Amino acid sequence: MNRPFFSLLALLFLSTGMAAQLLSPNEFLPHEYGRQFTPHYQLVDYVRHVAANSPRVELRQYGLTNEGRPLLLAFISTPENLARMEDIRQNNLRYTGLLEGEPDSTLNRAIAWLSFGVHGNEAGASEASLSTLYELAHRSDEEVLSWIGNTIIILDPCINPDGFSRYTEWYRRYATKEPSPGGDTYEHDEPWPRGRVNHYLFDLNRDWAWQTQVETQSRIKEYRKWMPHVHVDFHEQYPGAHYYFAPAASPYHKYITDWQAEAQYEIGKNNASHFDQEGWLYFTREVFDLLYPSYGDTYPTFNGAIGMTYEQAGHGFAGRAYEMENGDTLTLMDRILHHTTAALSTVEIASKNASRLIENFQNYFDRANNGEAGHYKTFIIRGDNPEGRLRAFREILDKNGIRYGKAGSSSSLWAYSYQSGKEENILIMPEDLIVSACQPQSVLAQVLLEPEPELEDTLTYDITAWALPYAYGLKAYASTQRLDSEKMEEETAYWEEKQKPDTISPYAYLIEWSSMTDARFLAALLRKGVKARFANGQFTIEGQQYEPGTVVITRADNRKMDAGRFNEIMANTARELGQPLRTVSTGFADSGFDLGSGSLEFIEKPRVAVLTGEKTSANSFGEVWYFFEQCLDYPLFPIKPDQISGIEYSDYNVLVMPEGDYEIDEDGIESLSGWIRRGGRLIAIGSALAALEGKEGFSLSKYATEEEEEEAREERENTSLDRRLDPFAGQSRRYISQSIPGAIFKLQLDTSHPLAYGLDTYYSLKTSSDFYQLLKDTWNVGYIGEAPEVIGFAGSGALEDIKNTAVFAVQDKGRGAAIYLVDNPLFRGFWENGKFLFCNALFFAGQ
């Protein structure tokens, strides 16, 4: 790439060279490339055209989006390399230890994966994938031939087709014929929910590790088959910024190796040389850090790659042209050229350093397999954790290729307890689940499981804690001692054995309430017309003790249903969902209460309305939408906020308010209060609570008394006076003293309240510094006490504010209730215990 880059611009429009039938993007597309956005179906058509007309390209479809759009990977190399691609892939996996056998050095090839357009409205990224693909498939100069000779390039042209289509279709429909560079026109004001997110309004660049979304699940399966040496995630940022590429900003996670940091620097220097040649502005080592493990740069990094984010000015605000502060105009073609240059520069440096990449890649996994990569050597998950939670935990380990087994025998060792936060001498039981750090995915396992990441710097871009044992509500330990494990028994056989009903036609079925597995089963039964109750206390029957929250399904409550049909529904649904069932032949309890007692509360089938639209946070609405449709498989009915004033109990008995910036007038508040008194149950999440704060009939208030509010006001005023001479420098660090970017807090929990049924402890992921002191005339079910227990970073000022504050609370009103979830339990869809708590709100609380 020593030639001036302007010749690439010509290549975008002229088809010459090795294959006359191979067309440039401009020749193939019906519009002028770089002057208009390309619809996704045309983007797909062009990628297929290149694959059909270039011997250097092989195309594979690896999945479909929720809206049925294809997910594609283009593999680019020499025809000889493509012919041996499976051998090359397997050889690379042998270096990791994921595949047995000795690697063959004659099959060594650098593997560079280029991912475009994870955020759909950052459309310049996916547009640039076409020119990048064309350059690599088309050019026959010595440079490109040398690159593809020792490198396999894997190109994903559009990670988020549904979001890309939402943005580009809107833009093409409403933008004027001539671009309008002024930022105040409609084409620069993308409507809710914007194209950044996928079908379920999830940010796919926060989902790599959690794999909640179908796009991520499909992509990671392919990623793990290849385990590339270099991965670039192509983004766009606000149009006033300059181009960003590696090296990344601090903080770096402590498990990032010196080699990975050094390689980022070398790649950045190579990019800089090409940008310098063109006189383009850029920046490095700012804003975009390498801590949170579920990004498109960190996740590949923790899988042994050189993972990087590249950011071009543009975003959904820029349109085809945008006037910048210096009077210049940023065009779509500018965005394409910058990204294409950075992509080709990365391929170039990867090819030149192929041997070093492979050597250090091998060293990375040698250290991983020997358990040298981190502090802890073994993670122990108690085998007596609820079965449904263990099942969900194993599923996320499987998705990430993290190996595990069972202890197989008893032994003792010293280990850190996630629950007590202390080192303890513990007895390992044979059925305990063991995750060893001596495995190919050692680093990823430690990053996801370690109790608390070590922060190099508190100025970070995202949440600072995410340990899966807290997210999944598991009793767990981490030890510096190595512990071997045995292979787990087959899960299918295990669950089939557990789910067999004890009798053919029992008096009642009982479901122990402890995980999302139980909640999905209850939801399925309610949808099929089965009537159920939940226990408001502990009871013992037929020698078995049952805890509060146990779901009881009796023949008596379902007498209108044919007995044979009823039992068939129970058995078939249990089999379909892998649900263990217990049965009893009598309603007479050994202790506690009988099955006809008033202590068994009838579960009214939820008819769920969810607020949506412009005042709603798109991410939060998407989390609720995804939860109901994909996690619970239960119907929901989205309505607009202005429909609150006319909500009828006969239509909906549950109303969910996702996070948002709502304005509810007096009529709306009065209507909402009346609906609750008639039996409606309101579930308000996060920032939605502000709309109810201080409103008549609702107990939400920042401060418990007027005196405390006045004290807080005076303290703020004094603090403001004290800071009058603060220097300009350091303002970011002063700000974070009042912030909580994302930390885990251990809650004080009232386990006797239905909102906490099935939970012994709860660790809440708090992503804001919003707080409400303990509420009056309200059940403060989950709260933070006088001495907050925190994992991750929380500013000193924020920690003071959240002392003695409510996190989850229930206010009874008439026959219904308002359920306040100050922390969002559905955040990004990966907090498994949060989803379970939300089910308590949905099925039990306020009934």
# chains A, B, ... in the order shown; residues from 1 in each chain; ligands from 1
>>> residues_around(residues="A:Ala368", least_positions_apart="3", cutoff="7 Å", atoms="only C-alpha atoms", output="PyMOL selection string")
chain A and resi 364-365+371-373+438-443
>>> write_last_selection(atoms="N, CA and C atoms", output="PDB file, in the first residue's frame")
ATOM      1  N   TYR A 364       0.373 -17.959  23.845  1.00  0.00           N
ATOM      2  CA  TYR A 364      -0.799 -17.558  24.632  1.00  0.00           C
ATOM      3  C   TYR A 364      -1.547 -18.794  25.133  1.00  0.00           C
ATOM      4  N   PHE A 365      -1.780 -19.733  24.248  1.00  0.00           N
ATOM      5  CA  PHE A 365      -2.558 -20.913  24.627  1.00  0.00           C
ATOM      6  C   PHE A 365      -1.728 -21.944  25.363  1.00  0.00           C
ATOM      7  N   GLY A 371      -2.272 -23.291  32.875  1.00  0.00           N
ATOM      8  CA  GLY A 371      -2.801 -22.573  34.017  1.00  0.00           C
ATOM      9  C   GLY A 371      -1.933 -21.428  34.490  1.00  0.00           C
ATOM     10  N   GLU A 372      -1.169 -20.834  33.574  1.00  0.00           N
ATOM     11  CA  GLU A 372      -0.243 -19.769  33.947  1.00  0.00           C
ATOM     12  C   GLU A 372      -0.814 -18.367  33.718  1.00  0.00           C
ATOM     13  N   ALA A 373      -2.037 -18.287  33.226  1.00  0.00           N
ATOM     14  CA  ALA A 373      -2.521 -17.005  32.721  1.00  0.00           C
ATOM     15  C   ALA A 373      -3.164 -16.107  33.768  1.00  0.00           C
ATOM     16  N   CYS A 438      -6.774 -24.476  33.838  1.00  0.00           N
ATOM     17  CA  CYS A 438      -5.810 -25.157  32.966  1.00  0.00           C
ATOM     18  C   CYS A 438      -6.562 -25.718  31.763  1.00  0.00           C
ATOM     19  N   GLN A 439      -6.871 -24.854  30.816  1.00  0.00           N
ATOM     20  CA  GLN A 439      -7.632 -25.244  29.633  1.00  0.00           C
ATOM     21  C   GLN A 439      -7.453 -24.168  28.568  1.00  0.00           C
ATOM     22  N   PRO A 440      -7.804 -24.465  27.315  1.00  0.00           N
ATOM     23  CA  PRO A 440      -7.628 -23.465  26.253  1.00  0.00           C
ATOM     24  C   PRO A 440      -8.316 -22.138  26.557  1.00  0.00           C
ATOM     25  N   GLN A 441      -9.520 -22.192  27.131  1.00  0.00           N
ATOM     26  CA  GLN A 441     -10.265 -20.967  27.409  1.00  0.00           C
ATOM     27  C   GLN A 441     -10.001 -20.467  28.829  1.00  0.00           C
ATOM     28  N   SER A 442      -8.799 -20.665  29.305  1.00  0.00           N
ATOM     29  CA  SER A 442      -8.442 -20.271  30.664  1.00  0.00           C
ATOM     30  C   SER A 442      -8.670 -18.784  30.908  1.00  0.00           C
ATOM     31  N   VAL A 443      -8.176 -17.945  30.010  1.00  0.00           N
ATOM     32  CA  VAL A 443      -8.278 -16.502  30.223  1.00  0.00           C
ATOM     33  C   VAL A 443      -9.737 -16.058  30.205  1.00  0.00           C
TER      34      VAL A 443
END
>>> select_by_dssp(residues="stretch 300-539 of chain A", states="alpha helix (DSSP H)", output="MDAnalysis selection string")
chainID A and resid 300:301 332:352 354:369 387:399 442:449 468:471 491:498 516:527
>>> atom_distance(atom1="atom CA of A:Ser796", atom2="atom CA of A:Asp661")
27.0 Å
>>> select_by_dssp(residues="stretch 608-706 of chain A", states="strand (DSSP E or B)", output="JSON, numbers by chain")
{"A": [608, 609, 610, 611, 616, 637, 638, 639, 654, 655, 656, 657, 660, 681, 682, 683, 684, 685]}
>>> write_last_selection(atoms="C-alpha atoms", output="compact mmCIF listing (two decimals), in the first residue's frame")
# COMPACT_ATOMS: atom_id res chain seq x y z
CA VAL A 608 -49.15 -7.71 30.11
CA ALA A 609 -48.98 -4.25 28.57
CA VAL A 610 -45.54 -2.68 28.03
CA LEU A 611 -44.89 1.00 27.33
CA THR A 616 -39.01 4.86 26.20
CA PHE A 637 -48.80 -6.04 24.30
CA PRO A 638 -46.80 -2.85 23.58
CA ILE A 639 -48.75 0.38 24.07
CA VAL A 654 -49.89 -5.88 34.46
CA LEU A 655 -48.23 -2.75 33.09
CA VAL A 656 -44.46 -2.68 32.60
CA MET A 657 -42.72 0.70 32.36
CA GLY A 660 -37.45 6.04 29.89
CA ARG A 681 -49.87 -4.29 39.04
CA LEU A 682 -47.38 -1.73 37.80
CA ILE A 683 -43.73 -2.76 37.29
CA ALA A 684 -41.56 0.35 36.87
CA ILE A 685 -37.91 -0.07 35.93
>>> atom_distance(atom1="atom CA of A:Ala305", atom2="atom CA of A:Leu357")
8.8 Å
>>> residues_around(residues="A:Tyr404", least_positions_apart="4", cutoff="10 Å", atoms="only C-alpha atoms", output="PDB file with N, CA and C atoms, in the first residue's frame")
ATOM      1  N   PHE A 379     -12.366 -22.875  39.800  1.00  0.00           N
ATOM      2  CA  PHE A 379     -13.624 -22.292  40.248  1.00  0.00           C
ATOM      3  C   PHE A 379     -14.571 -23.434  40.607  1.00  0.00           C
ATOM      4  N   ILE A 380     -15.173 -23.355  41.780  1.00  0.00           N
ATOM      5  CA  ILE A 380     -16.041 -24.420  42.286  1.00  0.00           C
ATOM      6  C   ILE A 380     -17.454 -23.877  42.400  1.00  0.00           C
ATOM      7  N   ARG A 394     -24.262 -23.810  32.932  1.00  0.00           N
ATOM      8  CA  ARG A 394     -23.546 -24.697  32.007  1.00  0.00           C
ATOM      9  C   ARG A 394     -23.754 -24.261  30.558  1.00  0.00           C
ATOM     10  N   LEU A 397     -21.381 -21.442  29.740  1.00  0.00           N
ATOM     11  CA  LEU A 397     -20.028 -21.991  29.604  1.00  0.00           C
ATOM     12  C   LEU A 397     -19.878 -22.692  28.260  1.00  0.00           C
ATOM     13  N   ASP A 398     -20.867 -23.471  27.885  1.00  0.00           N
ATOM     14  CA  ASP A 398     -20.819 -24.180  26.598  1.00  0.00           C
ATOM     15  C   ASP A 398     -20.757 -23.194  25.434  1.00  0.00           C
ATOM     16  N   LEU A 433     -19.549 -28.646  40.613  1.00  0.00           N
ATOM     17  CA  LEU A 433     -19.083 -28.364  39.250  1.00  0.00           C
ATOM     18  C   LEU A 433     -17.729 -27.662  39.337  1.00  0.00           C
ATOM     19  N   ILE A 434     -16.777 -28.126  38.534  1.00  0.00           N
ATOM     20  CA  ILE A 434     -15.411 -27.613  38.578  1.00  0.00           C
ATOM     21  C   ILE A 434     -15.050 -26.988  37.228  1.00  0.00           C
ATOM     22  N   VAL A 435     -14.580 -25.735  37.272  1.00  0.00           N
ATOM     23  CA  VAL A 435     -14.030 -25.081  36.084  1.00  0.00           C
ATOM     24  C   VAL A 435     -12.545 -24.857  36.347  1.00  0.00           C
ATOM     25  N   SER A 436     -11.725 -25.550  35.596  1.00  0.00           N
ATOM     26  CA  SER A 436     -10.281 -25.443  35.780  1.00  0.00           C
ATOM     27  C   SER A 436      -9.727 -24.318  34.914  1.00  0.00           C
ATOM     28  N   ALA A 437      -8.723 -23.616  35.450  1.00  0.00           N
ATOM     29  CA  ALA A 437      -8.033 -22.587  34.668  1.00  0.00           C
ATOM     30  C   ALA A 437      -6.965 -23.186  33.771  1.00  0.00           C
ATOM     31  N   GLN A 439      -6.871 -24.854  30.816  1.00  0.00           N
ATOM     32  CA  GLN A 439      -7.632 -25.244  29.633  1.00  0.00           C
ATOM     33  C   GLN A 439      -7.453 -24.168  28.568  1.00  0.00           C
ATOM     34  N   ASP A 484      -8.446 -31.255  39.761  1.00  0.00           N
ATOM     35  CA  ASP A 484      -8.885 -31.986  38.573  1.00  0.00           C
ATOM     36  C   ASP A 484     -10.360 -32.360  38.715  1.00  0.00           C
ATOM     37  N   SER A 485     -10.982 -32.658  37.584  1.00  0.00           N
ATOM     38  CA  SER A 485     -12.405 -32.990  37.601  1.00  0.00           C
ATOM     39  C   SER A 485     -12.688 -34.168  36.697  1.00  0.00           C
ATOM     40  N   GLU A 486     -13.895 -34.721  36.835  1.00  0.00           N
ATOM     41  CA  GLU A 486     -14.364 -35.811  36.003  1.00  0.00           C
ATOM     42  C   GLU A 486     -15.388 -35.294  35.006  1.00  0.00           C
ATOM     43  N   LYS A 487     -15.614 -36.058  33.960  1.00  0.00           N
ATOM     44  CA  LYS A 487     -16.584 -35.679  32.939  1.00  0.00           C
ATOM     45  C   LYS A 487     -17.994 -35.687  33.519  1.00  0.00           C
ATOM     46  N   MET A 488     -18.796 -34.694  33.123  1.00  0.00           N
ATOM     47  CA  MET A 488     -20.185 -34.618  33.564  1.00  0.00           C
ATOM     48  C   MET A 488     -21.012 -35.673  32.847  1.00  0.00           C
TER      49      MET A 488
END
>>> residues_around(residues="stretch 190-194 of chain A", least_positions_apart="6", cutoff="7 Å", atoms="only C-alpha atoms", output="JSON, numbers by chain")
{"A": [167, 316, 613, 614, 618]}
>>> residues_around(residues="A:Leu130", least_positions_apart="3", cutoff="8 Å", atoms="only C-alpha atoms", output="PDB file with C-alpha atoms, in the first residue's frame")
ATOM      1  CA  PRO A  25     -19.446  -1.888  -6.261  1.00  0.00           C
ATOM      2  CA  LEU A  43     -25.221  -5.534  -0.153  1.00  0.00           C
ATOM      3  CA  TYR A  46     -22.895  -7.785  -4.270  1.00  0.00           C
ATOM      4  CA  VAL A  47     -21.041 -10.028  -1.816  1.00  0.00           C
ATOM      5  CA  SER A 126     -20.935  -1.984   6.181  1.00  0.00           C
ATOM      6  CA  GLU A 127     -20.636   0.177   3.065  1.00  0.00           C
ATOM      7  CA  LEU A 133     -13.874  -7.076  -0.353  1.00  0.00           C
ATOM      8  CA  TYR A 134     -13.472  -5.797  -3.903  1.00  0.00           C
ATOM      9  CA  PRO A 157     -19.997  -7.451   5.777  1.00  0.00           C
TER      10      PRO A 157
END
>>> residues_around(residues="A:Leu332", least_positions_apart="5", cutoff="10 Å", atoms="only C-alpha atoms", output="ChimeraX atom specification")
/A:33-37,123-124,127-128,313-314,318-322,337
>>> residues_around(residues="stretch 784-794 of chain A", least_positions_apart="6", cutoff="7 Å", atoms="only C-alpha atoms", output="VMD selection string")
chain A and resid 452 458 464 to 465 739 to 740 743 to 748 802 to 806
